Amino acid sequence: MNKEYYPKNGRVILHIDMNAFYCSVHEAVNPGDYAGKPLAVAGSVELRKGIIVTSSYAARGRGVKTGMQVREAMRLCPELILIRPDFDLYRQFSRRFMNLAYSYSPLLEAMSIDECFVDITGSKQFGTPLAIAEELQRRIRTELGLPCSIGIAPNKLLAKMASDMKKPNGISVLRLRDVPSVLWDMPCSYLYGIGSRTAEKLSKLSIRTIGELAKTDESFLMAHFGIVGAWLHRAANGLDDTPVNPEQEPSKSIGHTTTLPKDLTDSGEVNRVFLNLADQVCRRIRRQGLLASTVQITIRNPSMKTITRSVTLERPTEDADEVYKTACQLYAKHWRNGQPIRLLGITLQNLDDKSKAAVQLDLFDFEKQPKREQLNRVMDQLRDKFGEDAVLTAGMLGDDPSTLIRNHKVRGTSLQMDHLKLQGFGEDSAK
């Protein structure tokens with residue numbers, strides 16, 4: 001009965017996009033205080049000037065936008081309710097809605113904390129694609145209290161664009177044959193994957209709409225954009241062969257940055273910030289069973305000039321003490337002491353699976369390594385059980401935002417995917 005809705009040689013893809021996710025989570029948890037009211041998640045502990053992270057649809061109707069300063073948002077909407085971010089809560093709801101989606105197909109690819117693709121080509125037993133989308137949207141609303149928009153299409157590109165067509169709580173179907181009538185009159189910037197710089201370059205070539213892009217000779221586009229030109233031509237015609245990849249890609253890098261409440265000039269204070277950054281970034285790679293071969297530091301001055309400097313280690317590591325010492329050495333070598341600093345960061349790169357990495361140790365390290373690993377393991381277990389502040393060195397204590405990196409409630413981003421990599425879908429999401 002449902003076979004006619006599923007192509008013999010093609011695919012059926014859903015893109016699930018949670019609407020105003022952070023604010024919607026707070027409304028779901030505390031409807032008495034928040035439901036239907038103008039809300040904004042803001043108050044990042046790192047920013048000197050409060051910035052709106054996201055806002056509810058009621059707030060958006062009053063002109064409140066992501067990236068706006070809190071002061072301007074309050075001027076536009078005096079009754080705006082400001083909420084500090086709670087990333088632990090967002091991660092919990094993220095896992096729960098993705099587990100619901102996973103129950104319809106194991107081919108689920110998480111794109112961020114609040115969106116995913118699901119390939120339902122083999123899910124005929126659950127009904128038509130539209131029926132699956134409607135049931136999934138209803139379950140997310142009734143079981144989690146969250147609104148979402150769902151796009152249905154033969155590929156990921158069109159599914160993503162379809163989910164953007166009706167917000168909040170919309171379901172849109174975008175078929176290949178619909179592309180000329182639905183998309184071709186839109187500006188090029190509307191096409192998923194085209195940024196402002198590419199759109200500007202296309203405009204200078206007198207290519208302003210998706211339809212004009214679709215009709216432009218591919219060789220002309222490749223002459224101006226290289227291999228990206230071929231992608232632009234295919235995308236404008238609604239073509240995309242990218243599969244839904246359920247495997248979580250290994251992290252290419254893991255890092256933390258922190259903006260400081262006051263400019264730092266003293267090397268001792270800078271080193272203490274690096275200690276906190278090294279502690280948490282190494283906690284993250286140990287949780288994922290990774291070793292890092294490269295340490296990179298980021299430094300930004302009050303004029304927003306940013307430099308990055310990195311060094312490749314003799315041996316890959318997971319040890320915070322080694323990362324901390326390396327970061328301090330990079331700082332001492334590349335930054336003149338006394339110059340003011342607004343932001344500091346540590347990023348670990350060239351990550352390898354610890355179980356597969358061949359680590360060369362000299363005789364001294366050969367004797368010390370097991371003791372160091374055992375100490376890290378015991379400290380991690382204590383902090384997993386009793387909290388991040390259960391075991392600290394004196395150097396980690398302070399009142400700047402780097403100490404709050406350990407507070408997972410207030411730290412996080414929509415693209416940080418650790419909570420999805422550490423536990424497979426289909427398991428108890430309440431754990």
# chains A, B, ... in the order shown; residues from 1 in each chain; ligands from 1
$ closest_atom_pairs --of "stretch 201-290 of chain A" --to "stretch 107-112 of chain A" --cutoff "6 Å" --atoms "only C-alpha atoms" --output "Markdown table"
| residue | atom | partner | partner_atom | distance |
| --- | --- | --- | --- | --- |
| A:Val244 | CA | A:Glu109 | CA | 5.9 |
| A:Asn245 | CA | A:Glu109 | CA | 5.4 |
| A:Pro246 | CA | A:Glu109 | CA | 4.7 |
$ residues_around --residues "A:Ile52" --least-positions-apart "5" --cutoff "8 Å" --atoms "only C-alpha atoms" --output "PyMOL selection string"
chain A and resi 40-43+65-70+73
$ residues_around --residues "stretch 186-199 of chain A" --least-positions-apart "4" --cutoff "6 Å" --atoms "only C-alpha atoms" --output "PyMOL selection string"
chain A and resi 208-210
$ write_last_selection --atoms "N, CA and C atoms" --output "compact mmCIF listing (two decimals), in the first residue's frame"
# COMPACT_ATOMS: atom_id res chain seq x y z
N ARG A 208 21.88 35.92 -9.99
CA ARG A 208 21.25 36.41 -8.76
C ARG A 208 20.20 35.47 -8.19
N THR A 209 19.62 34.62 -9.00
CA THR A 209 18.61 33.70 -8.50
C THR A 209 19.08 32.26 -8.65
N ILE A 210 18.44 31.37 -7.91
CA ILE A 210 18.78 29.95 -7.99
C ILE A 210 18.51 29.43 -9.40
$ select_by_dssp --residues "stretch 200-296 of chain A" --states "strand (DSSP E)" --output "ChimeraX atom specification"
/A:253-264,290-296
$ closest_residue --among "A:Ile299, A:Ala235, A:Val323, A:Ala223" --to "A:Gln339" --atoms "only C-alpha atoms"
A:Ile299
$ atom_distance --atom1 "atom CA of A:Asp217" --atom2 "atom CA of A:Pro243"
26.1 Å
$ closest_residue --among "A:Asp185, A:Arg342, A:Glu72, A:Val295" --to "A:Lys262" --atoms "only C-alpha atoms"
A:Arg342
$ atom_distance --atom1 "atom CA of A:His15" --atom2 "atom CA of A:Trp231"
20.4 Å
$ select_by_dssp --residues "stretch 205-325 of chain A" --states "helix (DSSP H, G or I)" --output "PyMOL selection string"
chain A and resi 210-215+218-225+227-236+267-287+320-325
$ write_last_selection --atoms "N, CA and C atoms" --output "short mmCIF file (atom, residue, chain, number, x, y, z; two decimals), in the first residue's frame"
data_model
loop_
_atom_site.label_atom_id
_atom_site.label_comp_id
_atom_site.auth_asym_id
_atom_site.auth_seq_id
_atom_site.Cartn_x
_atom_site.Cartn_y
_atom_site.Cartn_z
N ILE A 210 18.44 31.37 -7.91
CA ILE A 210 18.78 29.95 -7.99
C ILE A 210 18.51 29.43 -9.40
N GLY A 211 17.46 29.92 -10.03
CA GLY A 211 17.15 29.51 -11.39
C GLY A 211 18.24 29.91 -12.38
N GLU A 212 18.75 31.14 -12.24
CA GLU A 212 19.84 31.58 -13.11
C GLU A 212 21.08 30.73 -12.88
N LEU A 213 21.32 30.37 -11.61
CA LEU A 213 22.45 29.50 -11.30
C LEU A 213 22.27 28.13 -11.93
N ALA A 214 21.06 27.59 -11.85
CA ALA A 214 20.79 26.26 -12.41
C ALA A 214 21.00 26.22 -13.92
N LYS A 215 20.74 27.33 -14.57
CA LYS A 215 20.84 27.38 -16.04
C LYS A 215 22.22 27.81 -16.53
N GLU A 218 27.96 24.69 -16.45
CA GLU A 218 28.79 24.18 -15.36
C GLU A 218 30.26 24.54 -15.55
N SER A 219 30.74 24.50 -16.77
CA SER A 219 32.15 24.82 -17.02
C SER A 219 32.45 26.28 -16.68
N PHE A 220 31.49 27.17 -16.91
CA PHE A 220 31.66 28.57 -16.54
C PHE A 220 31.79 28.71 -15.02
N LEU A 221 30.94 27.99 -14.29
CA LEU A 221 31.00 28.04 -12.82
C LEU A 221 32.30 27.46 -12.30
N MET A 222 32.78 26.38 -12.90
CA MET A 222 34.03 25.77 -12.45
C MET A 222 35.22 26.67 -12.76
N ALA A 223 35.11 27.44 -13.81
CA ALA A 223 36.19 28.37 -14.14
C ALA A 223 36.33 29.45 -13.07
N HIS A 224 35.21 29.80 -12.43
CA HIS A 224 35.24 30.86 -11.41
C HIS A 224 35.31 30.33 -9.98
N PHE A 225 34.81 29.09 -9.75
CA PHE A 225 34.73 28.57 -8.39
C PHE A 225 35.50 27.27 -8.19
N ILE A 227 36.21 23.35 -8.19
CA ILE A 227 35.34 22.18 -8.05
C ILE A 227 34.02 22.53 -7.39
N VAL A 228 34.00 23.60 -6.60
CA VAL A 228 32.74 24.04 -5.97
C VAL A 228 31.72 24.43 -7.03
N GLY A 229 32.19 24.87 -8.19
CA GLY A 229 31.28 25.26 -9.26
C GLY A 229 30.38 24.11 -9.70
N ALA A 230 30.94 22.88 -9.74
CA ALA A 230 30.12 21.71 -10.10
C ALA A 230 29.05 21.47 -9.05
N TRP A 231 29.42 21.65 -7.77
CA TRP A 231 28.43 21.49 -6.71
C TRP A 231 27.34 22.54 -6.82
N LEU A 232 27.70 23.79 -7.08
CA LEU A 232 26.71 24.86 -7.20
C LEU A 232 25.69 24.55 -8.28
N HIS A 233 26.18 24.03 -9.40
CA HIS A 233 25.28 23.72 -10.51
C HIS A 233 24.31 22.60 -10.13
N ARG A 234 24.83 21.56 -9.50
CA ARG A 234 23.97 20.43 -9.10
C ARG A 234 22.97 20.87 -8.04
N ALA A 235 23.44 21.61 -7.05
CA ALA A 235 22.56 22.02 -5.96
C ALA A 235 21.43 22.90 -6.46
N ALA A 236 21.72 23.81 -7.38
CA ALA A 236 20.69 24.70 -7.92
C ALA A 236 19.62 23.91 -8.67
N SER A 267 51.58 37.12 33.29
CA SER A 267 51.76 35.75 32.80
C SER A 267 51.25 34.71 33.78
N GLY A 268 51.33 34.99 35.08
CA GLY A 268 50.82 34.05 36.07
C GLY A 268 49.33 33.84 35.93
N GLU A 269 48.58 34.93 35.72
CA GLU A 269 47.13 34.81 35.52
C GLU A 269 46.81 34.10 34.21
N VAL A 270 47.57 34.40 33.17
CA VAL A 270 47.38 33.73 31.88
C VAL A 270 47.60 32.24 32.02
N ASN A 271 48.65 31.85 32.71
CA ASN A 271 48.95 30.43 32.88
C ASN A 271 47.85 29.71 33.66
N ARG A 272 47.23 30.40 34.64
CA ARG A 272 46.15 29.76 35.39
C ARG A 272 44.94 29.50 34.49
N VAL A 273 44.66 30.43 33.58
CA VAL A 273 43.58 30.21 32.63
C VAL A 273 43.90 29.01 31.74
N PHE A 274 45.13 28.94 31.26
CA PHE A 274 45.55 27.79 30.46
C PHE A 274 45.39 26.48 31.23
N LEU A 275 45.63 26.50 32.54
CA LEU A 275 45.50 25.29 33.35
C LEU A 275 44.06 24.78 33.33
N ASN A 276 43.11 25.69 33.49
CA ASN A 276 41.70 25.29 33.44
C ASN A 276 41.29 24.81 32.05
N LEU A 277 41.77 25.50 31.03
CA LEU A 277 41.45 25.09 29.66
C LEU A 277 42.02 23.71 29.36
N ALA A 278 43.28 23.47 29.74
CA ALA A 278 43.91 22.17 29.49
C ALA A 278 43.20 21.07 30.24
N ASP A 279 42.79 21.36 31.46
CA ASP A 279 42.08 20.36 32.27
C ASP A 279 40.82 19.86 31.57
N GLN A 280 40.00 20.78 31.08
CA GLN A 280 38.72 20.37 30.51
C GLN A 280 38.84 19.82 29.10
N VAL A 281 39.75 20.36 28.29
CA VAL A 281 39.88 19.84 26.94
C VAL A 281 40.45 18.42 26.98
N CYS A 282 41.31 18.14 27.94
CA CYS A 282 41.84 16.77 28.07
C CYS A 282 40.79 15.83 28.65
N ARG A 283 39.94 16.33 29.52
CA ARG A 283 38.81 15.51 30.00
C ARG A 283 37.97 15.06 28.81
N ARG A 284 37.74 15.96 27.87
CA ARG A 284 36.89 15.62 26.73
C ARG A 284 37.53 14.57 25.82
N ILE A 285 38.85 14.69 25.58
CA ILE A 285 39.45 13.69 24.69
C ILE A 285 39.56 12.34 25.39
N ARG A 286 39.76 12.34 26.71
CA ARG A 286 39.82 11.04 27.42
C ARG A 286 38.45 10.36 27.40
N ARG A 287 37.38 11.14 27.51
CA ARG A 287 36.04 10.55 27.44
C ARG A 287 35.81 9.86 26.10
N ALA A 320 46.63 16.36 30.79
CA ALA A 320 46.41 17.80 30.91
C ALA A 320 47.68 18.54 31.29
N ASP A 321 48.53 17.92 32.11
CA ASP A 321 49.76 18.58 32.54
C ASP A 321 50.67 18.86 31.35
N GLU A 322 50.77 17.88 30.44
CA GLU A 322 51.60 18.07 29.26
C GLU A 322 51.02 19.13 28.33
N VAL A 323 49.71 19.12 28.15
CA VAL A 323 49.05 20.13 27.31
C VAL A 323 49.22 21.52 27.92
N TYR A 324 49.05 21.61 29.24
CA TYR A 324 49.21 22.89 29.94
C TYR A 324 50.61 23.46 29.76
N LYS A 325 51.61 22.63 29.97
CA LYS A 325 53.00 23.10 29.84
C LYS A 325 53.29 23.54 28.40
#
$ atom_distance --atom1 "atom CA of A:Arg315" --atom2 "atom CA of A:Ser293"
6.5 Å
$ residues_around --residues "stretch 98-105 of chain A" --least-positions-apart "6" --cutoff "12 Å" --atoms "only C-alpha atoms" --output "NGL selection string"
:A and (12-18 or 91-92 or 111-129 or 131-144 or 148 or 150 or 244 or 246 or 419-420 or 423-430)
$ write_last_selection --atoms "C-alpha atoms" --output "PDB file, in the first residue's frame"
ATOM      1  CA  VAL A  12      13.252   9.460   1.181  1.00  0.00           C
ATOM      2  CA  ILE A  13      14.956  11.778   3.662  1.00  0.00           C
ATOM      3  CA  LEU A  14      13.559  13.692   6.618  1.00  0.00           C
ATOM      4  CA  HIS A  15      15.247  16.755   8.083  1.00  0.00           C
ATOM      5  CA  ILE A  16      14.061  17.451  11.633  1.00  0.00           C
ATOM      6  CA  ASP A  17      14.721  20.967  12.874  1.00  0.00           C
ATOM      7  CA  MET A  18      13.747  21.860  16.439  1.00  0.00           C
ATOM      8  CA  ARG A  91      21.732  17.913  25.702  1.00  0.00           C
ATOM      9  CA  GLN A  92      19.191  15.783  27.564  1.00  0.00           C
ATOM     10  CA  MET A 111      23.972  17.681  12.448  1.00  0.00           C
ATOM     11  CA  SER A 112      23.899  19.689  15.674  1.00  0.00           C
ATOM     12  CA  ILE A 113      22.230  19.621  19.061  1.00  0.00           C
ATOM     13  CA  ASP A 114      18.858  20.561  17.524  1.00  0.00           C
ATOM     14  CA  GLU A 115      18.716  19.033  14.034  1.00  0.00           C
ATOM     15  CA  CYS A 116      19.202  15.714  12.284  1.00  0.00           C
ATOM     16  CA  PHE A 117      18.632  13.862   9.015  1.00  0.00           C
ATOM     17  CA  VAL A 118      16.794  10.522   8.944  1.00  0.00           C
ATOM     18  CA  ASP A 119      16.755   8.203   5.920  1.00  0.00           C
ATOM     19  CA  ILE A 120      13.345   6.486   6.011  1.00  0.00           C
ATOM     20  CA  THR A 121      13.619   4.752   2.631  1.00  0.00           C
ATOM     21  CA  GLY A 122      13.347   1.383   4.383  1.00  0.00           C
ATOM     22  CA  SER A 123      10.635   2.440   6.837  1.00  0.00           C
ATOM     23  CA  LYS A 124       7.555   1.582   4.777  1.00  0.00           C
ATOM     24  CA  GLN A 125       6.098  -0.444   7.652  1.00  0.00           C
ATOM     25  CA  PHE A 126       5.449   2.810   9.556  1.00  0.00           C
ATOM     26  CA  GLY A 127       3.322   4.339   6.797  1.00  0.00           C
ATOM     27  CA  THR A 128       3.798   6.942   4.104  1.00  0.00           C
ATOM     28  CA  PRO A 129       6.611   9.508   4.485  1.00  0.00           C
ATOM     29  CA  ALA A 131       2.409   9.919   7.915  1.00  0.00           C
ATOM     30  CA  ILE A 132       5.798   9.222   9.542  1.00  0.00           C
ATOM     31  CA  ALA A 133       6.632  12.927   9.664  1.00  0.00           C
ATOM     32  CA  GLU A 134       3.238  13.795  11.163  1.00  0.00           C
ATOM     33  CA  GLU A 135       3.476  11.072  13.793  1.00  0.00           C
ATOM     34  CA  LEU A 136       7.046  11.986  14.704  1.00  0.00           C
ATOM     35  CA  GLN A 137       6.192  15.663  14.989  1.00  0.00           C
ATOM     36  CA  ARG A 138       3.176  14.821  17.173  1.00  0.00           C
ATOM     37  CA  ARG A 139       5.254  12.568  19.455  1.00  0.00           C
ATOM     38  CA  ILE A 140       7.959  15.205  19.888  1.00  0.00           C
ATOM     39  CA  ARG A 141       5.234  17.699  20.798  1.00  0.00           C
ATOM     40  CA  THR A 142       3.263  15.450  23.177  1.00  0.00           C
ATOM     41  CA  GLU A 143       6.121  13.480  24.769  1.00  0.00           C
ATOM     42  CA  LEU A 144       8.687  16.272  25.024  1.00  0.00           C
ATOM     43  CA  CYS A 148       9.714  21.097  15.355  1.00  0.00           C
ATOM     44  CA  ILE A 150      10.205  18.573   9.265  1.00  0.00           C
ATOM     45  CA  VAL A 244      22.751   9.994   5.536  1.00  0.00           C
ATOM     46  CA  PRO A 246      24.693   7.342  10.965  1.00  0.00           C
ATOM     47  CA  HIS A 419      26.755  13.974  24.247  1.00  0.00           C
ATOM     48  CA  LEU A 420      25.792  12.115  21.050  1.00  0.00           C
ATOM     49  CA  GLN A 423      26.185   6.886  23.806  1.00  0.00           C
ATOM     50  CA  GLY A 424      24.444   5.164  20.914  1.00  0.00           C
ATOM     51  CA  PHE A 425      20.898   6.001  19.874  1.00  0.00           C
ATOM     52  CA  GLY A 426      18.166   3.694  20.991  1.00  0.00           C
ATOM     53  CA  GLU A 427      19.520   3.482  24.535  1.00  0.00           C
ATOM     54  CA  ASP A 428      17.923   5.002  27.610  1.00  0.00           C
ATOM     55  CA  SER A 429      18.071   8.730  26.915  1.00  0.00           C
ATOM     56  CA  ALA A 430      17.373   9.599  30.535  1.00  0.00           C
TER      57      ALA A 430
END
$ closest_residue --among "A:Ala28, A:Ile51, A:Leu80, A:Val64" --to "A:Phe93" --atoms "only C-alpha atoms"
A:Ala28
$ closest_residue --among "A:Leu183, A:Ile297, A:Met74, A:Leu158" --to "A:Lys333" --atoms "only C-alpha atoms"
A:Ile297
$ residues_around --residues "A:Met304" --least-positions-apart "4" --cutoff "12 Å" --atoms "only C-alpha atoms" --output "MDAnalysis selection string"
chainID A and resid 259 263 298:300 340:344
$ write_last_selection --atoms "N, CA and C atoms" --output "compact mmCIF listing (two decimals), in the first residue's frame"
# COMPACT_ATOMS: atom_id res chain seq x y z
N THR A 259 36.49 34.08 26.93
CA THR A 259 36.67 35.53 26.92
C THR A 259 36.76 36.01 28.36
N ASP A 263 41.02 42.51 30.84
CA ASP A 263 42.22 42.19 30.08
C ASP A 263 43.32 41.70 31.03
N THR A 298 45.06 29.90 21.20
CA THR A 298 44.44 31.08 20.56
C THR A 298 44.55 32.24 21.53
N ILE A 299 44.98 33.39 21.03
CA ILE A 299 45.09 34.60 21.84
C ILE A 299 44.45 35.75 21.07
N ARG A 300 43.60 36.51 21.75
CA ARG A 300 42.96 37.67 21.13
C ARG A 300 43.18 38.89 22.01
N PRO A 340 48.03 43.28 26.63
CA PRO A 340 46.72 42.85 27.15
C PRO A 340 46.10 41.75 26.31
N ILE A 341 45.38 40.86 26.99
CA ILE A 341 44.73 39.72 26.36
C ILE A 341 43.26 39.71 26.74
N ARG A 342 42.40 39.56 25.74
CA ARG A 342 40.95 39.51 25.96
C ARG A 342 40.42 38.09 25.98
N LEU A 343 41.00 37.21 25.14
CA LEU A 343 40.51 35.84 24.99
C LEU A 343 41.68 34.87 24.92
N LEU A 344 41.49 33.68 25.52
CA LEU A 344 42.48 32.61 25.44
C LEU A 344 41.79 31.31 25.08
$ decode --residues "stretch 339-356 of chain A" --atoms "N, CA and C atoms" --output "PDB file, in the first residue's frame"
ATOM      1  N   GLN A 339      51.456  42.621  27.180  1.00  0.00           N
ATOM      2  CA  GLN A 339      50.432  42.976  26.196  1.00  0.00           C
ATOM      3  C   GLN A 339      49.078  42.459  26.668  1.00  0.00           C
ATOM      4  N   PRO A 340      48.034  43.284  26.632  1.00  0.00           N
ATOM      5  CA  PRO A 340      46.725  42.854  27.149  1.00  0.00           C
ATOM      6  C   PRO A 340      46.095  41.745  26.312  1.00  0.00           C
ATOM      7  N   ILE A 341      45.379  40.864  26.992  1.00  0.00           N
ATOM      8  CA  ILE A 341      44.729  39.719  26.361  1.00  0.00           C
ATOM      9  C   ILE A 341      43.258  39.714  26.742  1.00  0.00           C
ATOM     10  N   ARG A 342      42.404  39.564  25.738  1.00  0.00           N
ATOM     11  CA  ARG A 342      40.953  39.513  25.959  1.00  0.00           C
ATOM     12  C   ARG A 342      40.424  38.086  25.976  1.00  0.00           C
ATOM     13  N   LEU A 343      41.003  37.205  25.139  1.00  0.00           N
ATOM     14  CA  LEU A 343      40.506  35.835  24.991  1.00  0.00           C
ATOM     15  C   LEU A 343      41.679  34.870  24.921  1.00  0.00           C
ATOM     16  N   LEU A 344      41.491  33.683  25.515  1.00  0.00           N
ATOM     17  CA  LEU A 344      42.483  32.614  25.443  1.00  0.00           C
ATOM     18  C   LEU A 344      41.788  31.307  25.083  1.00  0.00           C
ATOM     19  N   GLY A 345      42.507  30.441  24.381  1.00  0.00           N
ATOM     20  CA  GLY A 345      41.930  29.143  24.032  1.00  0.00           C
ATOM     21  C   GLY A 345      43.003  28.091  23.840  1.00  0.00           C
ATOM     22  N   ILE A 346      42.601  26.838  24.035  1.00  0.00           N
ATOM     23  CA  ILE A 346      43.443  25.687  23.719  1.00  0.00           C
ATOM     24  C   ILE A 346      42.631  24.742  22.855  1.00  0.00           C
ATOM     25  N   THR A 347      43.206  24.325  21.741  1.00  0.00           N
ATOM     26  CA  THR A 347      42.580  23.340  20.865  1.00  0.00           C
ATOM     27  C   THR A 347      43.560  22.186  20.644  1.00  0.00           C
ATOM     28  N   LEU A 348      43.066  20.954  20.791  1.00  0.00           N
ATOM     29  CA  LEU A 348      43.873  19.766  20.527  1.00  0.00           C
ATOM     30  C   LEU A 348      43.519  19.251  19.136  1.00  0.00           C
ATOM     31  N   GLN A 349      44.541  19.002  18.323  1.00  0.00           N
ATOM     32  CA  GLN A 349      44.341  18.617  16.930  1.00  0.00           C
ATOM     33  C   GLN A 349      45.078  17.310  16.624  1.00  0.00           C
ATOM     34  N   ASN A 350      44.859  16.815  15.391  1.00  0.00           N
ATOM     35  CA  ASN A 350      45.446  15.540  14.960  1.00  0.00           C
ATOM     36  C   ASN A 350      45.139  14.448  15.980  1.00  0.00           C
ATOM     37  N   LEU A 351      43.845  14.202  16.159  1.00  0.00           N
ATOM     38  CA  LEU A 351      43.373  13.254  17.165  1.00  0.00           C
ATOM     39  C   LEU A 351      43.331  11.840  16.603  1.00  0.00           C
ATOM     40  N   ASP A 352      43.757  10.889  17.425  1.00  0.00           N
ATOM     41  CA  ASP A 352      43.758   9.478  17.036  1.00  0.00           C
ATOM     42  C   ASP A 352      43.095   8.648  18.119  1.00  0.00           C
ATOM     43  N   ASP A 353      42.489   7.545  17.676  1.00  0.00           N
ATOM     44  CA  ASP A 353      41.896   6.590  18.605  1.00  0.00           C
ATOM     45  C   ASP A 353      43.007   5.997  19.473  1.00  0.00           C
ATOM     46  N   LYS A 354      42.857   6.117  20.793  1.00  0.00           N
ATOM     47  CA  LYS A 354      43.896   5.647  21.707  1.00  0.00           C
ATOM     48  C   LYS A 354      44.158   4.152  21.562  1.00  0.00           C
ATOM     49  N   SER A 355      43.098   3.387  21.295  1.00  0.00           N
ATOM     50  CA  SER A 355      43.255   1.933  21.207  1.00  0.00           C
ATOM     51  C   SER A 355      44.049   1.520  19.976  1.00  0.00           C
ATOM     52  N   LYS A 356      44.128   2.421  18.983  1.00  0.00           N
ATOM     53  CA  LYS A 356      44.822   2.074  17.743  1.00  0.00           C
ATOM     54  C   LYS A 356      46.150   2.827  17.589  1.00  0.00           C
TER      55      LYS A 356
END
